[in-house]
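Below is the file final_10.cif, which contains mmCIF, C-alpha atoms and all ligand atoms.
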```
data_model
#
loop_
_atom_site.label_atom_id
_atom_site.label_comp_id
_atom_site.auth_asym_id
_atom_site.auth_seq_id
_atom_site.Cartn_x
_atom_site.Cartn_y
_atom_site.Cartn_z
CA MET A 1 -29.57 20.81 -21.47
CA SER A 2 -31.03 21.61 -18.04
CA GLU A 3 -28.84 22.79 -15.14
CA SER A 4 -29.32 19.48 -13.38
CA THR A 5 -28.41 17.25 -16.38
CA PRO A 6 -24.96 15.82 -15.59
CA LYS A 7 -22.17 15.57 -18.17
CA ARG A 8 -21.36 12.02 -17.05
CA TYR A 9 -22.91 8.93 -15.52
CA HIS A 10 -22.70 8.53 -11.75
CA PRO A 11 -19.22 7.19 -10.73
CA ALA A 12 -20.75 4.03 -9.19
CA HIS A 13 -22.65 3.39 -12.45
CA THR A 14 -19.43 3.94 -14.41
CA ALA A 15 -17.39 1.59 -12.17
CA ILE A 16 -20.03 -1.15 -12.51
CA HIS A 17 -20.25 -0.59 -16.29
CA TRP A 18 -16.53 -1.31 -16.79
CA LEU A 19 -16.43 -4.20 -14.30
CA MET A 20 -19.44 -5.82 -15.99
CA ALA A 21 -17.95 -5.19 -19.46
CA LEU A 22 -14.78 -7.04 -18.44
CA LEU A 23 -16.64 -9.95 -16.83
CA VAL A 24 -19.26 -10.32 -19.61
CA ILE A 25 -16.60 -10.35 -22.36
CA MET A 26 -14.62 -12.92 -20.35
CA MET A 27 -17.73 -15.09 -19.80
CA LEU A 28 -18.74 -14.89 -23.47
CA GLY A 29 -15.20 -15.75 -24.60
CA VAL A 30 -14.77 -18.67 -22.21
CA GLY A 31 -18.40 -19.92 -22.51
CA LYS A 32 -18.53 -19.79 -26.32
CA PHE A 33 -14.99 -20.69 -27.30
CA ALA A 34 -13.11 -22.44 -24.45
CA MET A 35 -15.70 -24.54 -22.55
CA PRO A 36 -17.14 -26.39 -25.58
CA GLY A 37 -13.66 -27.72 -26.47
CA ILE A 38 -13.23 -29.49 -23.11
CA SER A 39 -14.80 -32.95 -22.75
CA PRO A 40 -17.16 -33.59 -19.78
CA GLU A 41 -14.74 -36.35 -18.64
CA ASP A 42 -11.88 -33.83 -18.28
CA PRO A 43 -11.39 -33.07 -14.54
CA GLN A 44 -10.88 -29.39 -15.48
CA LYS A 45 -14.47 -29.11 -16.77
CA PRO A 46 -16.37 -28.99 -13.42
CA MET A 47 -13.80 -26.49 -12.08
CA MET A 48 -14.25 -24.29 -15.11
CA LEU A 49 -18.03 -24.46 -14.82
CA GLN A 50 -17.84 -23.67 -11.10
CA SER A 51 -15.85 -20.47 -11.80
CA HIS A 52 -18.34 -19.67 -14.58
CA ALA A 53 -21.27 -20.07 -12.15
CA TYR A 54 -19.64 -17.92 -9.43
CA ILE A 55 -18.75 -15.14 -11.87
CA GLY A 56 -22.33 -15.47 -13.22
CA PHE A 57 -23.70 -14.96 -9.68
CA ALA A 58 -21.46 -11.91 -9.21
CA LEU A 59 -22.68 -10.52 -12.55
CA THR A 60 -26.29 -11.06 -11.48
CA VAL A 61 -25.72 -9.02 -8.29
CA LEU A 62 -23.89 -6.29 -10.25
CA LEU A 63 -26.75 -6.20 -12.76
CA VAL A 64 -29.34 -5.66 -10.02
CA ILE A 65 -27.24 -2.84 -8.45
CA ARG A 66 -26.74 -1.33 -11.88
CA LEU A 67 -30.45 -1.35 -12.69
CA VAL A 68 -31.18 0.35 -9.35
CA LEU A 69 -28.51 3.01 -10.10
CA ARG A 70 -29.87 3.42 -13.64
CA PHE A 71 -33.22 4.49 -12.25
CA THR A 72 -32.08 6.36 -9.15
CA THR A 73 -29.15 8.47 -10.42
CA LYS A 74 -29.25 11.32 -12.96
CA GLN A 75 -28.33 10.36 -16.53
CA PRO A 76 -26.53 12.55 -19.09
CA ALA A 77 -28.63 13.79 -22.05
CA PRO A 78 -29.35 11.12 -24.71
CA ALA A 79 -26.35 10.62 -27.02
CA ASP A 80 -26.65 12.09 -30.52
CA ALA A 81 -25.43 9.86 -33.35
CA GLY A 82 -26.29 12.62 -35.84
CA ASN A 83 -29.35 10.86 -37.25
CA ALA A 84 -32.81 10.16 -35.77
CA PHE A 85 -32.83 6.50 -36.91
CA LEU A 86 -29.39 5.76 -35.37
CA ASN A 87 -30.50 7.49 -32.16
CA ARG A 88 -33.48 5.12 -31.96
CA VAL A 89 -31.24 2.10 -32.70
CA GLY A 90 -28.84 3.22 -29.95
CA LYS A 91 -31.65 3.42 -27.42
CA ALA A 92 -33.00 0.01 -28.45
CA VAL A 93 -29.53 -1.58 -28.19
CA HIS A 94 -29.10 -0.28 -24.63
CA ILE A 95 -32.49 -1.64 -23.55
CA LEU A 96 -31.80 -4.99 -25.27
CA LEU A 97 -28.39 -5.28 -23.58
CA TYR A 98 -30.16 -5.11 -20.21
CA VAL A 99 -32.88 -7.57 -21.35
CA LEU A 100 -30.30 -10.10 -22.60
CA LEU A 101 -28.20 -9.83 -19.44
CA ILE A 102 -31.33 -10.50 -17.38
CA GLY A 103 -32.01 -13.49 -19.70
CA MET A 104 -28.44 -14.82 -19.24
CA ALA A 105 -28.66 -14.50 -15.46
CA ALA A 106 -32.14 -16.09 -15.27
CA SER A 107 -31.31 -19.00 -17.60
CA GLY A 108 -27.95 -19.55 -15.83
CA LEU A 109 -29.66 -19.65 -12.43
CA GLY A 110 -32.31 -21.96 -13.95
CA LEU A 111 -29.58 -24.33 -15.17
CA PHE A 112 -27.90 -24.23 -11.77
CA GLN A 113 -31.15 -25.44 -10.25
CA MET A 114 -32.23 -27.91 -12.99
CA ALA A 115 -28.85 -29.62 -13.36
CA ASN A 116 -28.38 -29.69 -9.56
CA LEU A 117 -24.98 -28.02 -9.92
CA PRO A 118 -24.30 -27.75 -6.14
CA ALA A 119 -24.21 -31.59 -6.03
CA VAL A 120 -22.05 -31.69 -9.20
CA PHE A 121 -19.58 -29.18 -7.70
CA SER A 122 -19.32 -31.06 -4.39
CA GLY A 123 -18.68 -34.34 -6.26
CA ALA A 124 -21.95 -35.90 -5.02
CA ALA A 125 -23.40 -36.08 -8.56
CA PRO A 126 -21.68 -36.83 -11.90
CA TYR A 127 -21.03 -34.06 -14.44
CA PRO A 128 -24.15 -33.89 -16.68
CA SER A 129 -23.52 -35.69 -19.98
CA ASN A 130 -25.59 -33.12 -21.91
CA PHE A 131 -26.78 -29.79 -20.53
CA PHE A 132 -29.20 -29.51 -23.47
CA ASP A 133 -31.39 -32.05 -21.60
CA TYR A 134 -32.41 -28.99 -19.55
CA PRO A 135 -34.61 -26.41 -21.32
CA ALA A 136 -32.76 -23.45 -19.75
CA ARG A 137 -29.61 -24.46 -21.70
CA ASN A 138 -31.28 -23.53 -25.01
CA GLY A 139 -32.21 -20.09 -23.67
CA HIS A 140 -28.70 -19.59 -22.28
CA GLY A 141 -27.15 -20.48 -25.68
CA LEU A 142 -29.57 -18.31 -27.69
CA PHE A 143 -29.22 -15.26 -25.41
CA SER A 144 -25.43 -15.60 -25.40
CA GLY A 145 -25.30 -15.46 -29.24
CA LEU A 146 -27.54 -12.38 -29.30
CA LEU A 147 -25.56 -10.78 -26.48
CA LEU A 148 -22.29 -11.33 -28.35
CA ALA A 149 -23.73 -9.62 -31.46
CA LEU A 150 -25.11 -6.69 -29.44
CA VAL A 151 -21.87 -6.22 -27.48
CA ALA A 152 -20.04 -6.02 -30.85
CA LEU A 153 -22.57 -3.41 -32.06
CA HIS A 154 -22.26 -1.46 -28.79
CA VAL A 155 -18.44 -1.39 -28.98
CA GLY A 156 -18.65 -0.45 -32.69
CA ALA A 157 -20.99 2.45 -31.85
CA ALA A 158 -18.66 3.71 -29.08
CA LEU A 159 -15.72 3.66 -31.54
CA TYR A 160 -17.85 5.42 -34.20
CA HIS A 161 -18.58 8.23 -31.72
CA GLN A 162 -14.97 8.43 -30.57
CA PHE A 163 -13.14 8.29 -33.89
CA ILE A 164 -15.62 9.24 -36.62
CA ARG A 165 -17.92 11.76 -34.94
CA LYS A 166 -15.06 12.72 -32.58
CA ASP A 167 -17.58 13.77 -29.90
CA ASN A 168 -15.68 12.12 -27.02
CA LEU A 169 -18.86 10.30 -25.94
CA MET A 170 -16.72 7.77 -24.03
CA ALA A 171 -15.91 10.48 -21.43
CA ARG A 172 -19.53 10.24 -20.23
CA MET A 173 -18.79 6.69 -19.07
CA TRP A 174 -15.61 7.69 -17.24
CA PHE A 175 -14.76 9.48 -13.98
CA GLY A 176 -14.34 13.23 -13.54
CA LYS A 177 -16.19 16.42 -12.72
C1 LIG B 1 -24.31 -12.73 -17.47
C2 LIG B 1 -23.98 -13.92 -17.00
C3 LIG B 1 -23.55 -15.07 -17.88
C4 LIG B 1 -22.92 -15.10 -19.11
C5 LIG B 1 -22.49 -13.90 -19.97
C6 LIG B 1 -22.77 -16.50 -19.49
C7 LIG B 1 -22.23 -16.96 -20.68
C8 LIG B 1 -22.29 -18.29 -21.13
C9 LIG B 1 -21.97 -18.73 -22.46
C10 LIG B 1 -21.49 -17.83 -23.60
C11 LIG B 1 -22.15 -20.08 -22.52
C12 LIG B 1 -22.01 -20.98 -23.75
C13 LIG B 1 -23.35 -20.86 -24.50
C14 LIG B 1 -23.36 -21.49 -25.88
O1 LIG B 1 -22.47 -21.22 -26.68
O2 LIG B 1 -24.32 -22.24 -26.19
C15 LIG B 1 -22.58 -20.53 -21.20
C16 LIG B 1 -22.86 -21.84 -20.84
C17 LIG B 1 -23.27 -22.24 -19.57
N1 LIG B 1 -23.48 -21.40 -18.48
FE1 LIG B 1 -23.39 -19.36 -18.46
N2 LIG B 1 -23.28 -17.29 -18.48
C18 LIG B 1 -23.75 -16.44 -17.47
C19 LIG B 1 -24.32 -16.83 -16.25
C20 LIG B 1 -24.41 -18.14 -15.81
C21 LIG B 1 -24.86 -18.54 -14.48
C22 LIG B 1 -25.31 -17.57 -13.36
C23 LIG B 1 -24.80 -19.92 -14.46
C24 LIG B 1 -25.10 -20.89 -13.33
C25 LIG B 1 -25.04 -20.60 -12.09
C26 LIG B 1 -24.35 -20.38 -15.75
C27 LIG B 1 -24.21 -21.72 -16.12
C28 LIG B 1 -23.87 -22.17 -17.39
C29 LIG B 1 -23.91 -23.58 -17.81
C30 LIG B 1 -24.28 -24.77 -16.91
C31 LIG B 1 -23.52 -23.60 -19.15
C32 LIG B 1 -23.42 -24.86 -20.05
C33 LIG B 1 -22.05 -25.42 -20.09
C34 LIG B 1 -22.00 -26.60 -21.08
O3 LIG B 1 -22.90 -26.74 -21.93
O4 LIG B 1 -21.01 -27.33 -20.97
N3 LIG B 1 -24.12 -19.29 -16.55
N4 LIG B 1 -22.67 -19.41 -20.38
#
```
Take the structure in this file and express it as structure tokens.
Ligand code: HEM
Amino acid sequence: MSESTPKRYHPAHTAIHWLMALLVIMMLGVGKFAMPGISPEDPQKPMMLQSHAYIGFALTVLLVIRLVLRFTTKQPAPADAGNAFLNRVGKAVHILLYVLLIGMAASGLGLFQMANLPAVFSGAAPYPSNFFDYPARNGHGLFSGLLLALVALHVGAALYHQFIRKDNLMARMWFGK
């Protein structure tokens, strides 16, 4: 490891990682399991979608900042899962997590535009009877399923490092010297 390779990620990168983790898990939970159970006629539905859209915008901004930090701050050495294949899978999962988050943000913003959500939120247009009339909805649904699976894999890998390899990898994504 070179002198200039840090032991941890930059504190701003770490703060954004945990904030995004919280918001993405919340959005996946609400989007996949709570929103589908509420009928479009329910007055709660537009309110729920409005919060979803605003948190989605915030996540999009955080994602852009995070990508800038990813390429402008020094990264710790690549993690070692103890096996060349797993190391390659780990790298691929990290890249795919970014790709899917970009896909979620882009398809969400596309839906916002296609379904004219500003008019829906202000009450000037009715709540769409079926979002699947808009092509971006299919992308949003597909990416969210893949994202859910990858988040599960990512959390599983962190726990594997922490409790099976006992290498305290999690400390790299926390604050300290
Ligand atoms: C990283 C950011 C986002 C995440 C993780 C996320 C997550 C989700 C999930 C899990 C669903 C349900 C998908 C399904 O099961 O088929 C959903 C639906 C939806 N999302 Fe997002 N979303 C994000 C950003 C956005 C943004 C920025 C907007 C709009 C401004 C948006 C608008 C919608 C709409 C309109 C639906 C469809 C609701 C329905 O069919 O009733 N999303 N989202």
- request: Please extract the residues at most 6 Å from ligand LIG 1 (chain B), counting all atoms listed in the file, and provide them as a PyMOL selection string, using the chain letters and residue numbers of this document.
  value: chain A and resi 24+27-28+31-32+53+56-57+59+101+104-105+108-109+111-112+131+140-141+144
For the selection you just gave me, I'd like the residues written to a file as a PDB file, keeping the file's coordinate frame, keeping C-alpha atoms.
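What follows is the written file part_38.pdb:
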```pdb
ATOM      1  CA  VAL A  24     -19.260 -10.320 -19.610  1.00  0.00           C
ATOM      2  CA  MET A  27     -17.730 -15.090 -19.800  1.00  0.00           C
ATOM      3  CA  LEU A  28     -18.740 -14.890 -23.470  1.00  0.00           C
ATOM      4  CA  GLY A  31     -18.400 -19.920 -22.510  1.00  0.00           C
ATOM      5  CA  LYS A  32     -18.530 -19.790 -26.320  1.00  0.00           C
ATOM      6  CA  ALA A  53     -21.270 -20.070 -12.150  1.00  0.00           C
ATOM      7  CA  GLY A  56     -22.330 -15.470 -13.220  1.00  0.00           C
ATOM      8  CA  PHE A  57     -23.700 -14.960  -9.680  1.00  0.00           C
ATOM      9  CA  LEU A  59     -22.680 -10.520 -12.550  1.00  0.00           C
ATOM     10  CA  LEU A 101     -28.200  -9.830 -19.440  1.00  0.00           C
ATOM     11  CA  MET A 104     -28.440 -14.820 -19.240  1.00  0.00           C
ATOM     12  CA  ALA A 105     -28.660 -14.500 -15.460  1.00  0.00           C
ATOM     13  CA  GLY A 108     -27.950 -19.550 -15.830  1.00  0.00           C
ATOM     14  CA  LEU A 109     -29.660 -19.650 -12.430  1.00  0.00           C
ATOM     15  CA  LEU A 111     -29.580 -24.330 -15.170  1.00  0.00           C
ATOM     16  CA  PHE A 112     -27.900 -24.230 -11.770  1.00  0.00           C
ATOM     17  CA  PHE A 131     -26.780 -29.790 -20.530  1.00  0.00           C
ATOM     18  CA  HIS A 140     -28.700 -19.590 -22.280  1.00  0.00           C
ATOM     19  CA  GLY A 141     -27.150 -20.480 -25.680  1.00  0.00           C
ATOM     20  CA  SER A 144     -25.430 -15.600 -25.400  1.00  0.00           C
TER      21      SER A 144
END
```
- prompt: Looking at A:Ile102, A:Leu117, A:Ala158, A:Val151, which one is nearest to A:Arg172, with distances taken over all atoms listed in the file?
  reply: A:Ala158
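Residue nearest A:Leu100 within the list A:Leu146, A:Ala119, A:Ala34, A:Leu62: A:Leu146 [criterion: smallest interatomic distance, all atoms listed in the file].
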task: Can you pull out every residue within 8 Å of stretch 169-171 of chain A, counting all atoms listed in the file, but drop anything in the same chain fewer than 2 positions away, and send it as a VMD selection string?
output: chain A and resid 8 79 158 161 to 162 167 173 to 175
Export of prior selection with C-alpha atoms as a PDB file, keeping the file's coordinate frame:
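Written output follows (result_38.pdb):
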```
ATOM      1  CA  ARG A   8     -21.360  12.020 -17.050  1.00  0.00           C
ATOM      2  CA  ALA A  79     -26.350  10.620 -27.020  1.00  0.00           C
ATOM      3  CA  ALA A 158     -18.660   3.710 -29.080  1.00  0.00           C
ATOM      4  CA  HIS A 161     -18.580   8.230 -31.720  1.00  0.00           C
ATOM      5  CA  GLN A 162     -14.970   8.430 -30.570  1.00  0.00           C
ATOM      6  CA  ASP A 167     -17.580  13.770 -29.900  1.00  0.00           C
ATOM      7  CA  MET A 173     -18.790   6.690 -19.070  1.00  0.00           C
ATOM      8  CA  TRP A 174     -15.610   7.690 -17.240  1.00  0.00           C
ATOM      9  CA  PHE A 175     -14.760   9.480 -13.980  1.00  0.00           C
TER      10      PHE A 175
END
```
message: Between atom CA of A:Gly103 and atom CA of A:Gly139, what is the distance in Å, rounded to a tenth?
response: 7.7 Å
field: Sel. within 12 Å of pt (-28.0, 12.7, -28.6), counting only C-alpha atoms, output as a ChimeraX atom specification
entry: /A:1,76-91,161,165,167,169
statement: re atom CA of A:His10 and atom CA of A:Arg66: distance 10.7 Å
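As for atom CA of A:Tyr9 and atom CA of A:Val64, they are spaced 16.9 Å apart.
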